[in-house]
$ cat input07.cif   # mmCIF, C-alpha atoms
data_upload
#
loop_
_atom_site.label_atom_id
_atom_site.label_comp_id
_atom_site.auth_asym_id
_atom_site.auth_seq_id
_atom_site.Cartn_x
_atom_site.Cartn_y
_atom_site.Cartn_z
CA MET Y 4 139.82 64.94 109.29
CA SER Y 5 143.52 64.75 108.84
CA ASN Y 6 145.21 62.11 106.75
CA ALA Y 7 145.52 58.81 108.56
CA SER Y 8 148.71 59.19 110.55
CA MET Y 9 151.51 57.17 109.07
CA PRO Y 10 153.21 55.31 111.87
CA LYS Y 11 156.53 53.95 110.76
CA ILE Y 12 156.36 50.24 110.28
CA GLU Y 13 159.35 48.70 111.96
CA LEU Y 14 160.24 45.26 110.66
CA PRO Y 15 163.17 44.44 112.91
CA GLY Y 16 163.27 40.73 112.08
CA ILE Y 17 163.46 41.36 108.33
CA ARG Y 18 166.85 42.20 106.89
CA ASN Y 19 165.91 43.24 103.36
CA VAL Y 20 162.62 44.27 101.76
CA LEU Y 21 162.45 44.02 97.98
CA ALA Y 22 159.54 45.47 96.02
CA VAL Y 23 158.70 43.98 92.63
CA ALA Y 24 156.91 46.59 90.56
CA SER Y 25 155.74 47.29 87.06
CA GLY Y 26 154.00 50.29 85.64
CA LYS Y 27 151.57 48.14 83.79
CA GLY Y 28 149.50 45.08 84.63
CA GLY Y 29 149.92 41.83 82.81
CA VAL Y 30 153.68 41.92 82.35
CA GLY Y 31 154.29 38.99 84.67
CA LYS Y 32 155.23 40.84 87.82
CA SER Y 33 153.68 38.33 90.21
CA THR Y 34 155.32 35.44 88.36
CA VAL Y 35 158.65 37.25 88.68
CA ALA Y 36 158.07 38.00 92.37
CA VAL Y 37 157.17 34.41 93.20
CA ASN Y 38 160.07 32.93 91.27
CA ILE Y 39 162.64 35.37 92.66
CA ALA Y 40 161.37 34.61 96.17
CA VAL Y 41 161.62 30.85 95.64
CA ALA Y 42 165.02 31.20 93.93
CA LEU Y 43 166.32 33.09 96.97
CA GLN Y 44 164.88 30.43 99.26
CA MET Y 45 166.50 27.68 97.21
CA GLN Y 46 169.81 29.47 97.75
CA GLY Y 47 169.35 28.85 101.46
CA LEU Y 48 167.81 32.13 102.60
CA ARG Y 49 164.78 32.71 104.80
CA VAL Y 50 162.26 34.42 102.55
CA GLY Y 51 158.80 35.91 102.88
CA LEU Y 52 156.41 36.93 100.11
CA LEU Y 53 153.72 39.57 100.54
CA ASP Y 54 151.09 39.92 97.85
CA ALA Y 55 150.29 43.62 98.04
CA ASP Y 56 147.80 43.49 95.19
CA ILE Y 57 144.56 43.80 97.13
CA TYR Y 58 142.36 44.10 94.06
CA GLY Y 59 143.81 41.26 92.02
CA PRO Y 60 145.87 38.92 94.19
CA SER Y 61 147.70 36.32 92.11
CA ILE Y 62 149.96 34.71 94.67
CA PRO Y 63 147.52 32.12 96.09
CA LEU Y 64 146.99 30.49 92.69
CA MET Y 65 150.69 30.57 91.86
CA LEU Y 66 151.54 28.79 95.07
CA GLY Y 67 148.73 26.27 94.93
CA VAL Y 68 146.72 27.66 97.81
CA GLN Y 69 143.12 26.80 97.27
CA GLY Y 70 140.23 28.18 99.23
CA GLN Y 71 140.36 30.49 102.17
CA VAL Y 72 142.48 30.13 105.26
CA ASP Y 73 140.78 29.60 108.58
CA GLN Y 74 142.91 31.70 110.85
CA ALA Y 75 141.62 29.89 113.90
CA THR Y 76 143.38 26.71 112.80
CA THR Y 77 146.07 27.93 110.40
CA PRO Y 78 148.35 30.75 111.43
CA LEU Y 79 149.24 33.41 108.89
CA PRO Y 80 151.54 33.95 107.08
CA LEU Y 81 151.30 30.53 105.42
CA ASP Y 82 154.26 28.27 104.85
CA ARG Y 83 154.47 27.32 101.17
CA HIS Y 84 157.43 26.16 99.11
CA GLY Y 85 159.73 27.19 101.92
CA LEU Y 86 158.36 30.74 101.94
CA LYS Y 87 156.24 32.61 104.44
CA VAL Y 88 153.39 33.99 102.35
CA MET Y 89 150.53 36.40 102.84
CA SER Y 90 147.84 37.53 100.41
CA ILE Y 91 144.36 38.95 100.75
CA GLY Y 92 143.46 36.04 98.49
CA PHE Y 93 143.77 33.81 101.56
CA LEU Y 94 140.92 35.69 103.19
CA VAL Y 95 138.61 36.57 100.32
CA PRO Y 96 137.24 34.10 97.76
CA PRO Y 97 138.45 34.71 94.21
CA GLU Y 98 134.98 35.40 92.85
CA LYS Y 99 134.47 38.26 95.29
CA ALA Y 100 135.70 41.68 94.19
CA VAL Y 101 137.44 43.74 96.85
CA ILE Y 102 136.07 47.20 96.22
CA TRP Y 103 138.03 49.36 98.59
CA ARG Y 104 139.23 52.91 98.77
CA GLY Y 105 142.73 53.95 99.72
CA PRO Y 106 142.55 54.10 103.51
CA MET Y 107 141.31 50.50 103.66
CA ILE Y 108 144.14 49.34 101.42
CA HIS Y 109 146.52 51.16 103.71
CA ARG Y 110 145.03 49.50 106.78
CA ALA Y 111 145.05 46.02 105.25
CA LEU Y 112 148.67 46.22 104.14
CA THR Y 113 149.73 47.65 107.48
CA GLN Y 114 147.99 44.81 109.29
CA PHE Y 115 149.54 42.18 107.03
CA LEU Y 116 152.96 43.57 107.80
CA THR Y 117 152.68 44.28 111.51
CA GLN Y 118 150.10 41.90 112.93
CA LEU Y 119 151.35 38.68 111.43
CA ASP Y 120 154.37 36.82 112.71
CA TRP Y 121 156.82 36.79 109.80
CA GLY Y 122 159.62 35.64 112.06
CA GLU Y 123 163.23 36.35 111.10
CA LEU Y 124 163.64 36.77 107.37
CA ASP Y 125 166.61 37.50 105.15
CA PHE Y 126 164.31 38.81 102.43
CA LEU Y 127 160.71 39.93 102.24
CA VAL Y 128 159.64 40.14 98.61
CA ILE Y 129 156.62 42.36 98.06
CA ASP Y 130 154.55 41.86 94.93
CA LEU Y 131 153.19 45.34 94.26
CA PRO Y 132 150.06 45.94 92.25
CA PRO Y 133 150.55 47.68 88.90
CA GLY Y 134 150.66 51.45 88.82
CA THR Y 135 151.61 54.19 91.24
CA GLY Y 136 148.66 54.35 93.64
CA ASP Y 137 147.62 53.67 97.20
CA ALA Y 138 149.46 50.44 97.84
CA GLN Y 139 152.70 51.88 96.51
CA LEU Y 140 152.23 55.06 98.57
CA THR Y 141 151.57 53.09 101.73
CA LEU Y 142 154.57 50.91 101.22
CA THR Y 143 157.04 53.64 100.29
CA GLN Y 144 155.92 55.96 103.04
CA THR Y 145 155.67 53.52 105.91
CA VAL Y 146 157.81 50.48 105.17
CA PRO Y 147 161.60 50.47 105.03
CA LEU Y 148 161.92 49.29 101.40
CA SER Y 149 165.50 48.29 100.71
CA ALA Y 150 165.15 48.35 96.94
CA ALA Y 151 162.86 47.69 94.01
CA VAL Y 152 163.02 45.90 90.69
CA VAL Y 153 160.80 46.93 87.79
CA VAL Y 154 159.35 44.38 85.40
CA THR Y 155 158.45 45.20 81.82
CA THR Y 156 157.82 43.43 78.55
CA PRO Y 157 159.72 44.52 75.46
CA GLN Y 158 157.03 46.55 73.77
CA GLU Y 159 156.65 50.31 74.01
CA VAL Y 160 153.26 50.32 75.70
CA SER Y 161 154.60 48.62 78.81
CA LEU Y 162 157.87 50.58 78.72
CA ILE Y 163 155.92 53.82 79.00
CA ASP Y 164 154.33 52.61 82.23
CA ALA Y 165 157.54 51.08 83.52
CA ARG Y 166 159.11 54.52 83.19
CA LYS Y 167 156.43 55.91 85.52
CA GLY Y 168 157.17 53.22 88.06
CA LEU Y 169 160.87 54.11 87.88
CA GLU Y 170 160.07 57.78 88.31
CA MET Y 171 157.98 57.00 91.36
CA PHE Y 172 160.85 55.15 93.02
CA ARG Y 173 163.22 57.97 92.16
CA GLU Y 174 160.93 60.51 93.80
CA VAL Y 175 160.57 58.52 96.98
CA ARG Y 176 164.25 57.62 96.98
CA VAL Y 177 163.91 53.87 96.84
CA PRO Y 178 166.94 52.39 95.06
CA VAL Y 179 166.06 50.52 91.88
CA LEU Y 180 168.26 47.46 91.42
CA GLY Y 181 167.25 47.22 87.78
CA ILE Y 182 164.85 46.38 85.00
CA ILE Y 183 163.72 42.85 84.22
CA GLU Y 184 162.39 42.20 80.75
CA ASN Y 185 159.81 39.44 80.87
CA MET Y 186 158.41 37.51 77.91
CA SER Y 187 161.45 38.54 75.90
CA TYR Y 188 161.53 35.73 73.36
CA PHE Y 189 160.91 32.06 72.95
CA MET Y 190 163.01 29.37 71.39
CA GLY Y 191 161.03 27.55 68.74
CA ASP Y 192 161.30 23.82 68.17
CA ASP Y 193 163.25 24.79 65.07
CA GLY Y 194 165.95 26.25 67.31
CA LYS Y 195 165.17 29.78 66.16
CA LYS Y 196 164.58 32.69 68.50
CA TYR Y 197 161.17 34.35 68.16
CA GLU Y 198 160.39 37.78 69.60
CA PRO Y 199 156.63 38.21 69.45
CA PHE Y 200 156.63 41.25 71.72
CA ARG Y 201 159.48 42.99 69.90
CA SER Y 202 162.91 43.25 71.44
CA GLY Y 203 165.41 45.38 73.21
CA GLY Y 204 162.90 47.55 75.07
CA GLY Y 205 164.02 46.61 78.55
CA ALA Y 206 167.69 47.27 77.84
CA ARG Y 207 166.82 50.60 76.21
CA LEU Y 208 164.72 51.66 79.18
CA ALA Y 209 167.51 50.73 81.57
CA ARG Y 210 169.98 52.78 79.58
CA ASP Y 211 167.64 55.76 79.23
CA CYS Y 212 166.89 55.83 82.92
CA SER Y 213 170.39 54.94 84.09
CA VAL Y 214 169.43 51.82 85.98
CA PRO Y 215 170.99 48.39 85.58
CA TYR Y 216 169.49 45.85 83.20
CA LEU Y 217 168.96 42.65 85.13
CA GLY Y 218 168.20 40.56 82.09
CA GLU Y 219 165.55 38.73 80.17
CA ILE Y 220 163.10 36.01 81.03
CA PRO Y 221 162.11 33.97 78.00
CA ILE Y 222 158.57 32.97 77.22
CA ASP Y 223 158.18 29.40 78.32
CA ALA Y 224 154.84 27.67 78.33
CA ARG Y 225 155.96 25.94 81.48
CA VAL Y 226 156.04 29.30 83.31
CA ALA Y 227 152.32 29.78 82.83
CA ALA Y 228 151.59 26.12 83.46
CA SER Y 229 153.54 26.17 86.71
CA GLY Y 230 151.79 29.34 87.73
CA ASP Y 231 148.39 27.86 87.10
CA GLU Y 232 149.32 24.58 88.73
CA GLY Y 233 150.68 26.22 91.82
CA THR Y 234 154.33 25.17 91.79
CA PRO Y 235 156.72 27.95 90.81
CA LEU Y 236 158.85 27.25 87.76
CA VAL Y 237 162.19 27.55 89.55
CA ALA Y 238 161.15 24.67 91.80
CA ARG Y 239 159.41 22.61 89.12
CA HIS Y 240 161.82 23.03 86.20
CA PRO Y 241 165.05 24.36 87.70
CA ASP Y 242 167.07 23.62 84.56
CA SER Y 243 164.84 25.59 82.22
CA PRO Y 244 166.30 28.82 80.75
CA ALA Y 245 163.58 30.84 82.49
CA ALA Y 246 164.39 29.28 85.87
CA GLN Y 247 168.08 29.94 85.32
CA ALA Y 248 167.27 33.56 84.49
CA PHE Y 249 165.31 33.91 87.74
CA ASP Y 250 168.13 32.32 89.65
CA ARG Y 251 170.66 34.74 88.14
CA ILE Y 252 168.45 37.70 89.00
CA ALA Y 253 168.02 36.43 92.56
CA LYS Y 254 171.82 36.22 92.91
CA VAL Y 255 172.22 39.82 91.73
CA VAL Y 256 169.52 41.01 94.13
CA ARG Y 257 171.21 39.22 96.95
CA ARG Y 258 174.66 40.54 96.10
CA GLU Y 259 173.46 44.13 95.76
CA LEU Y 260 171.46 44.18 98.95
CA GLU Y 261 173.84 42.19 101.12
CA SER Y 262 176.73 44.46 100.23
CA ALA Y 263 174.84 47.74 100.34
CA PRO Y 264 175.12 49.78 103.51
CA ALA Y 265 171.73 50.05 105.17
CA ALA Y 266 170.10 53.34 104.20
CA ASN Y 267 170.23 55.67 107.16
CA PRO Y 268 166.86 56.82 108.35
CA LEU Y 269 166.23 60.54 108.07
CA PRO Y 270 167.18 62.50 111.21
CA GLY Y 271 164.44 63.29 113.68
CA LEU Y 272 163.60 66.77 114.90
CA GLU Y 273 165.77 68.04 117.75
CA MET Y 274 163.84 70.35 120.01
CA THR Y 275 166.40 72.42 121.85
CA MET W 3 170.40 66.06 99.10
CA THR W 4 169.82 64.72 102.57
CA PRO W 5 169.60 66.50 105.91
CA THR W 6 171.98 65.51 108.67
CA ARG W 7 170.33 67.51 111.44
CA ILE W 8 167.00 69.21 111.93
CA ARG W 9 166.68 71.57 114.87
CA LEU W 10 164.15 73.87 116.36
CA ALA W 11 166.90 76.15 117.69
CA ARG W 12 164.38 78.95 118.19
CA PRO W 13 160.66 78.48 118.77
CA ASP W 14 159.88 80.43 115.60
CA GLN W 15 162.52 78.99 113.28
CA LEU W 16 163.48 75.55 112.00
CA THR W 17 167.10 74.96 111.03
CA ILE W 18 168.16 72.18 108.68
CA LEU W 19 171.79 71.20 108.26
CA TRP W 20 172.32 69.44 104.93
CA GLN W 21 174.85 66.83 103.87
CA ASP W 22 176.79 69.34 101.78
CA GLY W 23 177.47 71.39 104.90
CA LEU W 24 175.04 74.18 104.03
CA THR W 25 172.19 75.22 106.29
CA THR W 26 168.68 76.46 105.54
CA CYS W 27 166.76 78.52 108.12
CA HIS W 28 162.99 78.33 107.92
CA PRO W 29 160.87 80.92 109.76
CA LEU W 30 157.85 78.88 110.85
CA GLU W 31 155.23 81.28 109.47
CA ARG W 32 156.77 80.97 106.03
CA LEU W 33 157.15 77.22 106.32
CA ARG W 34 153.51 76.89 107.32
CA LYS W 35 152.39 79.09 104.42
CA ALA W 36 154.44 76.93 102.08
CA CYS W 37 152.49 73.80 103.02
CA PRO W 38 152.35 71.74 99.84
CA CYS W 39 149.16 69.83 100.61
CA ALA W 40 146.31 69.97 98.14
CA SER W 41 143.99 72.12 100.23
CA CYS W 42 146.68 74.67 101.09
CA ARG W 43 147.72 74.93 97.47
CA GLU W 44 144.14 75.55 96.50
CA GLU W 45 143.66 78.12 99.23
CA SER W 46 146.80 79.99 98.35
CA GLY W 47 145.35 80.64 94.92
CA GLN W 48 142.28 82.32 96.34
CA THR W 49 141.81 85.54 98.28
CA ALA W 50 141.41 85.01 102.02
CA ASP W 51 137.88 85.16 103.32
CA PRO W 52 137.82 88.02 105.85
CA PHE W 53 134.74 86.59 107.51
CA ARG W 54 136.09 83.12 108.13
CA VAL W 55 135.81 82.25 111.82
CA LEU W 56 139.21 81.39 113.17
CA LYS W 57 139.73 78.34 115.30
CA PRO W 58 141.13 79.00 118.79
CA ALA W 59 144.32 77.14 117.87
CA GLU W 60 144.93 79.61 115.05
CA LEU W 61 144.94 82.56 117.42
CA GLU W 62 147.92 81.36 119.37
CA PRO W 63 151.46 81.86 118.13
CA LEU W 64 152.29 79.22 115.54
CA ARG W 65 154.35 76.32 116.87
CA LEU W 66 155.82 73.31 115.15
CA VAL W 67 154.54 70.43 117.25
CA LYS W 68 155.98 67.38 115.48
CA MET W 69 158.07 66.63 112.39
CA GLU W 70 158.34 63.03 111.25
CA PRO W 71 160.22 61.40 108.39
CA VAL W 72 158.11 59.97 105.58
CA GLY W 73 160.04 57.13 103.99
CA HIS W 74 163.44 58.38 102.94
CA TYR W 75 162.22 61.32 100.96
CA ALA W 76 160.11 63.76 102.99
CA TYR W 77 158.86 65.04 106.33
CA LYS W 78 155.35 65.41 107.66
CA ILE W 79 154.78 68.38 109.99
CA LEU W 80 152.12 68.72 112.66
CA TRP W 81 151.41 72.39 113.40
CA SER W 82 149.87 73.93 116.50
CA ASP W 83 146.89 75.10 114.41
CA GLY W 84 146.03 71.44 113.91
CA HIS W 85 147.14 71.21 110.30
CA ASP W 86 149.10 68.08 109.47
CA THR W 87 148.45 67.02 105.91
CA GLY W 88 151.51 68.60 104.35
CA ILE W 89 154.26 66.27 103.18
CA TYR W 90 157.39 68.34 102.55
CA SER W 91 159.83 66.53 100.27
CA LEU W 92 163.53 67.06 100.90
CA GLU W 93 163.91 68.81 97.56
CA TYR W 94 161.04 71.13 98.41
CA LEU W 95 162.46 71.99 101.84
CA ARG W 96 165.87 72.69 100.38
CA GLY W 97 164.40 75.00 97.78
CA LEU W 98 162.35 77.12 100.17
CA GLU W 99 165.18 79.14 101.68
CA LYS W 100 168.62 80.18 100.49
CA PRO W 101 171.22 77.72 101.80
CA GLU W 102 174.04 79.33 103.74
CA LEU W 103 177.29 78.26 105.22
CA ILE W 104 176.80 78.66 108.94
CA PRO W 105 179.47 77.33 111.25
CA THR W 106 177.90 74.96 113.74
CA THR W 107 178.28 76.08 117.30
#
$ encode --input "input07.cif" --output "structure tokens"
Amino acid sequence: MSNASMPKIELPGIRNVLAVASGKGGVGKSTVAVNIAVALQMQGLRVGLLDADIYGPSIPLMLGVQGQVDQATTPLPLDRHGLKVMSIGFLVPPEKAVIWRGPMIHRALTQFLTQLDWGELDFLVIDLPPGTGDAQLTLTQTVPLSAAVVVTTPQEVSLIDARKGLEMFREVRVPVLGIIENMSYFMGDDGKKYEPFRSGGGARLARDCSVPYLGEIPIDARVAASGDEGTPLVARHPDSPAAQAFDRIAKVVRRELESAPAANPLPGLEMT
Amino acid sequence: MTPTRIRLARPDQLTILWQDGLTTCHPLERLRKACPCASCREESGQTADPFRVLKPAELEPLRLVKMEPVGHYAYKILWSDGHDTGIYSLEYLRGLEKPELIPTT
């Protein structure tokens, strides 16, 4: 049986599609995706957020969505914090493991993108799962990704995996807007800067791989608390250094994508 | 390196005009043999089985039925023998034949 055919997914109502990736899990990618999405929305844009992590969806918790969504009464994608949001977590209870092989991931993501009414969006932010597997393949082969950002923490073990994520985007020709270093440092009550996960890794990676460095997000207990409580930090504590960092990153993303010429699709075959 | 035009100017040859103005000409038999999919790569390392029963589609002259972009980085080709699992990256296509400067007619 041949590979599932890969129909192009047209998303005509969506102007820009931004993938948030990391090589490694646990670096805060979903937190970054949610906060960038809300930061963009707070700047007045129409924003959607797709949780593409089928195995470990984090978005429902981070946006305070409890329980499953009854599609008969509540249309998907959901409206939350000004965003249009979709996650498999809305359909599957958190205690149930989704044990799926690639083609089912492909089908689910394709359905989320094409069978739900996202409306007109300025930005669709896609929270990718960690790694370079089925979800990433589906999205890079079938969805017109405008660009990606790669999230890492400062230490070497996540840099190694972030490099793989960068390499993947290079191979599939998705522009990388830059590296975001999460959990960079925290400011102690004594006013001193502490770097429990080492320092400088994100900037070094950006330099080594010739991609821009989008900056650091400090460790802030309020980030995790907001995540667990379901209100993103940028909305809950907009004056915090972390929120300001997200806001700055959102502005860069917006500037880069709004000024970039749309990538031309590859030419089709002319049969003469 | 990006293609600007892809043409089946002859039924047995694919022509790709690249952004740098050079052209690569791909005889279909060679292009088919160069399929980069996992099963073709494995087969190319083994000797052909002389007793394998050919499918009817393989007995007809090879045709390129469809060629579709995959993202921004590759093409997927459907061949008349039914094979369609090969994803040919742009770099791979460019490297298969010697690029030439051919004035476009």
$ atom_distance --input "input07.cif" --atom1 "atom CA of Leu103 of chain W" --atom2 "atom CA of Leu24 of chain W"
4.8 Å
$ residues_around --input "input07.cif" --residues "segment 55-61 of chain W" --least-positions-apart "5" --cutoff "8 Å" --atoms "only C-alpha atoms" --output "PDB file with C-alpha atoms, in the frame of the given file"
ATOM      1  CA  SER W  82     149.870  73.930 116.500  1.00  0.00           C
ATOM      2  CA  ASP W  83     146.890  75.100 114.410  1.00  0.00           C
ATOM      3  CA  GLY W  84     146.030  71.440 113.910  1.00  0.00           C
TER       4      GLY W  84
END
$ residues_around --input "input07.cif" --residues "Arg83 of chain Y" --least-positions-apart "6" --cutoff "9 Å" --atoms "all atoms listed in the file" --output "list in words"
Leu66, Gly67 and Val68 of chain Y
$ resolve_selection --input "input07.cif" --expression "the PyMOL selection byres ((chain W) within 10 of (chain Y))" --output "ChimeraX atom specification"
/W:4-13,16-18,66-78,84-88,91-93
$ resolve_selection --input "input07.cif" --expression "the PyMOL selection byres ((chain W and resi 28) around 9)" --output "PyMOL selection string"
chain W and resi 14-18+26-27+29-33+95+98-99
$ write_last_selection --input "input07.cif" --atoms "C-alpha atoms" --output "compact mmCIF listing (two decimals), in the frame of the given file"
# COMPACT_ATOMS: atom_id res chain seq x y z
CA ASP W 14 159.88 80.43 115.60
CA GLN W 15 162.52 78.99 113.28
CA LEU W 16 163.48 75.55 112.00
CA THR W 17 167.10 74.96 111.03
CA ILE W 18 168.16 72.18 108.68
CA THR W 26 168.68 76.46 105.54
CA CYS W 27 166.76 78.52 108.12
CA PRO W 29 160.87 80.92 109.76
CA LEU W 30 157.85 78.88 110.85
CA GLU W 31 155.23 81.28 109.47
CA ARG W 32 156.77 80.97 106.03
CA LEU W 33 157.15 77.22 106.32
CA LEU W 95 162.46 71.99 101.84
CA LEU W 98 162.35 77.12 100.17
CA GLU W 99 165.18 79.14 101.68
$ atom_distance --input "input07.cif" --atom1 "atom CA of Ser187 of chain Y" --atom2 "atom CA of Val128 of chain Y"
22.8 Å
$ resolve_selection --input "input07.cif" --expression "the PyMOL selection byres ((chain Y and resi 14) around 12)" --output "list in words"
Lys11, Ile12, Glu13, Pro15, Gly16, Ile17, Arg18, Asn19, Val20, Thr113, Phe115, Leu116, Thr117, Gln118, Leu119, Asp120, Trp121, Gly122, Glu123, Leu124, Asp125, Phe126, Leu127, Thr145, Val146, Pro147, Leu148 and Ser149 of chain Y
$ write_last_selection --input "input07.cif" --atoms "C-alpha atoms" --output "short mmCIF file (atom, residue, chain, number, x, y, z; two decimals), in the frame of the given file"
data_model
loop_
_atom_site.label_atom_id
_atom_site.label_comp_id
_atom_site.auth_asym_id
_atom_site.auth_seq_id
_atom_site.Cartn_x
_atom_site.Cartn_y
_atom_site.Cartn_z
CA LYS Y 11 156.53 53.95 110.76
CA ILE Y 12 156.36 50.24 110.28
CA GLU Y 13 159.35 48.70 111.96
CA PRO Y 15 163.17 44.44 112.91
CA GLY Y 16 163.27 40.73 112.08
CA ILE Y 17 163.46 41.36 108.33
CA ARG Y 18 166.85 42.20 106.89
CA ASN Y 19 165.91 43.24 103.36
CA VAL Y 20 162.62 44.27 101.76
CA THR Y 113 149.73 47.65 107.48
CA PHE Y 115 149.54 42.18 107.03
CA LEU Y 116 152.96 43.57 107.80
CA THR Y 117 152.68 44.28 111.51
CA GLN Y 118 150.10 41.90 112.93
CA LEU Y 119 151.35 38.68 111.43
CA ASP Y 120 154.37 36.82 112.71
CA TRP Y 121 156.82 36.79 109.80
CA GLY Y 122 159.62 35.64 112.06
CA GLU Y 123 163.23 36.35 111.10
CA LEU Y 124 163.64 36.77 107.37
CA ASP Y 125 166.61 37.50 105.15
CA PHE Y 126 164.31 38.81 102.43
CA LEU Y 127 160.71 39.93 102.24
CA THR Y 145 155.67 53.52 105.91
CA VAL Y 146 157.81 50.48 105.17
CA PRO Y 147 161.60 50.47 105.03
CA LEU Y 148 161.92 49.29 101.40
CA SER Y 149 165.50 48.29 100.71
#
$ residues_around --input "input07.cif" --residues "Cys212 of chain Y" --least-positions-apart "2" --cutoff "9 Å" --atoms "only C-alpha atoms" --output "list in words"
Arg166, Leu169, Glu170, Arg207, Leu208, Ala209, Arg210, Val214 and Pro215 of chain Y
$ atom_distance --input "input07.cif" --atom1 "atom CA of Gly105 of chain Y" --atom2 "atom CA of Ile182 of chain Y"
27.6 Å
$ residues_around --input "input07.cif" --residues "segment 230-232 of chain Y" --least-positions-apart "2" --cutoff "7 Å" --atoms "only C-alpha atoms" --output "PyMOL selection string"
chain Y and resi 64-65+67+226-228+234-235
$ axis_aligned_box --input "input07.cif" --around "segment 86-103 of chain W" --padding-each-side "6 Å" --output "AutoDock Vina command-line options"
--center_x 162.9 --center_y 73.2 --center_z 103.5 --size_x 40.8 --size_y 25.9 --size_z 23.9
$ residues_around --input "input07.cif" --residues "Ile183 of chain Y" --least-positions-apart "2" --cutoff "9 Å" --atoms "all atoms listed in the file" --output "VMD selection string"
chain Y and resid 35 152 to 156 181 185 205 to 206 216 to 220 252
$ build_atoms --input "input07.cif" --residues "segment 96-108 of chain Y" --atoms "N, CA and C atoms" --output "CSV table (one decimal), in the frame of the given file"
chain,number,residue,atom,x,y,z
Y,96,PRO,N,137.3,35.0,98.9
Y,96,PRO,CA,137.2,34.1,97.8
Y,96,PRO,C,137.5,34.8,96.4
Y,97,PRO,N,138.0,34.1,95.5
Y,97,PRO,CA,138.4,34.7,94.2
Y,97,PRO,C,137.3,35.3,93.4
Y,98,GLU,N,136.1,34.8,93.6
Y,98,GLU,CA,135.0,35.4,92.8
Y,98,GLU,C,134.4,36.7,93.5
Y,99,LYS,N,135.0,37.0,94.6
Y,99,LYS,CA,134.5,38.3,95.3
Y,99,LYS,C,135.4,39.4,95.0
Y,100,ALA,N,134.9,40.5,94.5
Y,100,ALA,CA,135.7,41.7,94.2
Y,100,ALA,C,135.9,42.5,95.5
Y,101,VAL,N,137.1,42.9,95.7
Y,101,VAL,CA,137.4,43.7,96.8
Y,101,VAL,C,137.4,45.2,96.4
Y,102,ILE,N,136.3,45.8,96.8
Y,102,ILE,CA,136.1,47.2,96.2
Y,102,ILE,C,136.3,48.2,97.3
Y,103,TRP,N,137.6,48.6,97.5
Y,103,TRP,CA,138.0,49.4,98.6
Y,103,TRP,C,138.6,50.7,98.2
Y,104,ARG,N,138.5,51.7,99.0
Y,104,ARG,CA,139.2,52.9,98.8
Y,104,ARG,C,140.6,52.9,99.5
Y,105,GLY,N,141.4,53.9,99.2
Y,105,GLY,CA,142.7,54.0,99.7
Y,105,GLY,C,143.0,53.6,101.2
Y,106,PRO,N,142.2,54.3,102.1
Y,106,PRO,CA,142.6,54.1,103.5
Y,106,PRO,C,142.4,52.6,103.9
Y,107,MET,N,141.5,51.9,103.3
Y,107,MET,CA,141.3,50.5,103.7
Y,107,MET,C,142.5,49.7,103.1
Y,108,ILE,N,143.0,50.0,102.0
Y,108,ILE,CA,144.1,49.3,101.4
Y,108,ILE,C,145.3,49.5,102.4
